[in-house]
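Chemist: This is the structure I have questions about; it appears just below.
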Amino acid sequence: MLLHDTALIFGRYARQTLRSKFQILFGILMPLLYLLFFGPLLTGLPLGGGTDSWQILVPGLLLQLGLFGASFAGFGLIIDKSTGVVERMRVTPVSRAALLLGRVLRDALLFVFQAVLLVLVAVLMGLRAPLAGVLIGFLFVGLLTVSLASLSYALAMRVSTPQEFGPVINSLTMPAMLLSGLMLPMTLGPKWLDVLSHFTPFRYLVDAVRDAYVGSYATSHMLYGVLVALAFAALAVTVGTGVFRKAGA
């Protein structure tokens, strides 16, 4: 029943997304602007490791897409609550966990699709990366989306208005972006900042995807990235489903 109900909820929100072309295209706008206007500034700079600047920037932009997009996914749930959609779902026998998982899987598919578009544009601008590395990057985007969307929906169930939701998300996503090294490797900064960034789980994901983009798969960065991504996803889904069950969503 869980799989059936999850597919049902996923289908509902997937159809809703397909009817909103602006959501699909404009969700990629900020990473695309960074790619177009910030990427050329890095060309030829000594970024360390002997890698191309695009192999540094693009993995960060992929995870930035998942970070900001999935973190704000809860806004849709707040709208559903205010319009009575959640109340109507409460009286159905559908699995409460499926109400979260269906939404989360829709988000993961959407952001992976946007990640594909971003990589295609990056290739046109000069990115060169092995296919296996690119595919690994998409998997990390999917895992990050599952994690952050689950937590975002859990928070949305706890608050009543967008005015409560927005500041909380902003106060969490901005430090995460700055400390994870999305734009540039943290090793380029002072030692204390590099050490502090290791307390941010996103740092490990960024390092792993950058290794994948240069064809280095059997590295400590990759191992730590995979372990952190899987553990974070498992924890976030557990927290999210727990909130949904308690709220009777």
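We name chains A, B, ... following the order of the structure tokens; residues begin at 1 in each chain, and ligands are numbered from 1 as shown.
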Please provide as a VMD selection string all residues within 12 Å of Met30 (chain A), with the sequence filter that same-chain residues fewer than 5 positions apart are discarded (counting only C-alpha atoms).
Modeler: chain A and resid 25 35 to 38 61 to 62 64 to 69 114 118
Chemist: Need the shell around region 223-230 of chain A: protein/DNA/RNA residues with any atom at most 10 Å away, counting only C-alpha atoms. Skip same-chain ones fewer than 3 positions apart. Format as a list in words?
Modeler: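 In the requested form, the answer reads Leu139, Phe140, Val141, Gly142, Leu143, Leu144, Val146, Ser147, Pro201, Phe202, Arg203, Tyr204, Leu205, Val206, Asp207, Ala208, Val209, Tyr217, Ala218, Thr219, Ser220, Ala233, Ala234, Leu235 and Ala236 of chain A.
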Chemist: What's around Leu99 (chain A) at 10 Å? Count only C-alpha atoms, leave out sequence neighbours fewer than 3 positions away in its own chain, and write the answer as a PyMOL selection string.
Modeler: chain A and resi 2+5-10+86+89-90+94-96+102-104+241+244-245+249
Chemist: Between A:Ile169, A:Leu178, A:Val214, A:Ala149, which is the closest to Arg128 (chain A) once you count only C-alpha atoms?
Modeler: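 Ranking A:Ile169, A:Leu178, A:Val214, A:Ala149 by distance to Arg128 (chain A), first place goes to A:Val214.
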Chemist: Of the candidates A:Leu193, A:Ala231, A:Leu33, A:Val91, which shows the shortest atom-to-atom distance to Val58 (chain A), using only C-alpha atoms?
Modeler: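 When distances to Val58 (chain A) are compared using only C-alpha atoms, the smallest one comes from A:Leu33.
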